[in-house]
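A.B. asks: Once you've had a glance at the structure underneath, I'll fire off some questions.
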Amino acid sequence: MRRLRIAEVKEMAEEYFNKKFNVAQEFIHLAKDSYGRRNYQISSFNLHQACENLYRAVLLTFTLYTEKGHDLESLSSKVKIHSLEFVKAFPRDTEKEEDLFQLLISAYVQARYDSDFIVTQEDIDILLSKVELMRDITYTICQNQLLFFENESQKEEEYFPVEWKPDIKEEQEEDKT
């Protein structure tokens, strides 16, 4: 393990953010495309994937870490540590709101494998607006965090208070030099 300089943290966080945010944008585009062809099940799957990547963009930007898996409920609870703004996209404070979030969770498997999985045009209309709001929130809070890293890197404290354990590939590259 080695300690990371704040400038390194900012660079890594920015790279992670760009990758995950762009993937999420692509899934939103695919969801709209599926919607346009009235394939609401696949649209719901793509919206699930967009959410998953947006949650990961936040976690990676703030912590340089994200767990593996597709559990939106778990990812949702983890990003709320960094911003409560996400509650605006998925408040889950009524039965209808909870049902929509559960539909999004179910879409990961059901949309692809259950021919009886029902998703309506109205469901996608609502979910799409929520995911787009989530995208906007993600962009704002991640850009603010990247700006924070940039400002901190200008100060005298040069190390970020976390230790980084490079993955095996990075260790092998360092051994070659």
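Residues in the structure tokens are named by chain (A, B, ... in the order shown) and by number from 1 within that chain; ligands are numbered from 1 in the order shown.
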Residues within 9 Å of region 63-80 of chain A, please, as a JSON list (two decimals) with N, CA and C atoms, in the first residue's frame. Count only C-alpha atoms; anything in the same chain fewer than 4 positions from it doesn't count.

C.D. replies:
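For reference, around-v1.json as written:
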[["chain", "number", "residue", "atom", "x", "y", "z"],
["A", 9, "VAL", "N", -5.31, 11.43, -6.47],
["A", 9, "VAL", "CA", -6.69, 11.10, -6.13],
["A", 9, "VAL", "C", -7.64, 11.81, -7.09],
["A", 12, "MET", "N", -7.46, 10.16, -10.56],
["A", 12, "MET", "CA", -8.15, 8.87, -10.59],
["A", 12, "MET", "C", -9.66, 9.06, -10.49],
["A", 13, "ALA", "N", -10.09, 9.93, -9.58],
["A", 13, "ALA", "CA", -11.52, 10.17, -9.39],
["A", 13, "ALA", "C", -12.15, 10.72, -10.67],
["A", 16, "TYR", "N", -12.42, 7.86, -13.21],
["A", 16, "TYR", "CA", -13.54, 6.99, -12.84],
["A", 16, "TYR", "C", -14.88, 7.66, -13.16],
["A", 48, "HIS", "N", -32.10, 0.72, -15.22],
["A", 48, "HIS", "CA", -31.41, 0.10, -14.09],
["A", 48, "HIS", "C", -29.91, 0.26, -14.25],
["A", 49, "GLN", "N", -29.40, -0.07, -15.44],
["A", 49, "GLN", "CA", -27.96, 0.01, -15.70],
["A", 49, "GLN", "C", -27.47, 1.46, -15.60],
["A", 51, "CYS", "N", -28.73, 3.79, -13.64],
["A", 51, "CYS", "CA", -28.68, 4.09, -12.20],
["A", 51, "CYS", "C", -27.46, 3.46, -11.56],
["A", 52, "GLU", "N", -27.23, 2.21, -11.87],
["A", 52, "GLU", "CA", -26.08, 1.51, -11.30],
["A", 52, "GLU", "C", -24.78, 2.26, -11.61],
["A", 55, "TYR", "N", -24.63, 5.62, -9.62],
["A", 55, "TYR", "CA", -24.25, 5.37, -8.23],
["A", 55, "TYR", "C", -22.75, 5.07, -8.14],
["A", 56, "ARG", "N", -22.25, 4.26, -9.04],
["A", 56, "ARG", "CA", -20.82, 3.93, -9.03],
["A", 56, "ARG", "C", -19.96, 5.15, -9.33],
["A", 57, "ALA", "N", -20.43, 6.02, -10.20],
["A", 57, "ALA", "CA", -19.69, 7.26, -10.49],
["A", 57, "ALA", "C", -19.49, 8.06, -9.20],
["A", 58, "VAL", "N", -20.53, 8.15, -8.40],
["A", 58, "VAL", "CA", -20.44, 8.89, -7.14],
["A", 58, "VAL", "C", -19.46, 8.20, -6.19],
["A", 59, "LEU", "N", -19.64, 6.91, -6.00],
["A", 59, "LEU", "CA", -18.78, 6.19, -5.05],
["A", 59, "LEU", "C", -17.31, 6.26, -5.47],
["A", 84, "LEU", "N", -27.55, 13.84, 0.14],
["A", 84, "LEU", "CA", -28.96, 13.48, 0.31],
["A", 84, "LEU", "C", -29.79, 13.93, -0.89],
["A", 85, "GLU", "N", -29.16, 14.60, -1.85],
["A", 85, "GLU", "CA", -29.87, 15.06, -3.04],
["A", 85, "GLU", "C", -30.54, 13.91, -3.79],
["A", 86, "PHE", "N", -29.98, 12.71, -3.68],
["A", 86, "PHE", "CA", -30.53, 11.57, -4.40],
["A", 86, "PHE", "C", -31.96, 11.23, -3.98],
["A", 87, "VAL", "N", -32.32, 11.65, -2.79],
["A", 87, "VAL", "CA", -33.69, 11.42, -2.31],
["A", 87, "VAL", "C", -34.69, 12.15, -3.21],
["A", 101, "PHE", "N", -39.27, 2.17, -7.52],
["A", 101, "PHE", "CA", -37.87, 1.81, -7.24],
["A", 101, "PHE", "C", -37.70, 0.29, -7.28],
["A", 102, "GLN", "N", -38.67, -0.45, -6.74],
["A", 102, "GLN", "CA", -38.60, -1.91, -6.77],
["A", 102, "GLN", "C", -38.70, -2.44, -8.20],
["A", 104, "LEU", "N", -37.54, -0.91, -10.80],
["A", 104, "LEU", "CA", -36.20, -0.67, -11.35],
["A", 104, "LEU", "C", -35.22, -1.75, -10.87],
["A", 105, "ILE", "N", -35.30, -2.11, -9.62],
["A", 105, "ILE", "CA", -34.44, -3.17, -9.08],
["A", 105, "ILE", "C", -34.73, -4.49, -9.79],
["A", 108, "TYR", "N", -33.36, -5.58, -13.54],
["A", 108, "TYR", "CA", -32.04, -6.12, -13.86],
["A", 108, "TYR", "C", -32.14, -7.58, -14.34],
["A", 162, "VAL", "N", -6.06, 8.59, 2.81],
["A", 162, "VAL", "CA", -6.42, 7.20, 2.53],
["A", 162, "VAL", "C", -5.19, 6.52, 1.95],
["A", 164, "TRP", "N", -3.83, 3.60, -0.73],
["A", 164, "TRP", "CA", -4.25, 2.97, -1.97],
["A", 164, "TRP", "C", -3.49, 1.69, -2.14]]

A.B. asks: Any idea what's packed within 12 Å of Ser115 (chain A), counting only C-alpha atoms, ignoring anything in its chain fewer than 6 positions away? Could you give it as a list in words?

C.D. replies: Asn39, Tyr40, Gln41, Ile42, Ala107 and Val109 of chain A

A.B. asks: Report, in Å to a single decimal, how far apart CA of Leu133 (chain A) and CA of Glu98 (chain A) are.

C.D. replies: 16.9 Å

A.B. asks: Pull the strand (DSSP E) assignments for chain A out of DSSP run on the backbone, and list those residues as a PyMOL selection string.

C.D. replies: chain A and resi 2-5+159-164

A.B. asks: Between A:Ile126, A:Glu26, A:Met134, A:Ala111, which has the minimum distance to Asp99 (chain A) (counting only C-alpha atoms)?

C.D. replies: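 Ranked by minimum distance to Asp99 (chain A), first place goes to A:Ile126.
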
A.B. asks: Between A:Ile141, A:Leu146, A:Ile28, A:Ile81, which one has atoms that come closest to Leu127 (chain A), using only C-alpha atoms?

C.D. replies: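 Distance minimum relative to Leu127 (chain A) lands on A:Ile28.
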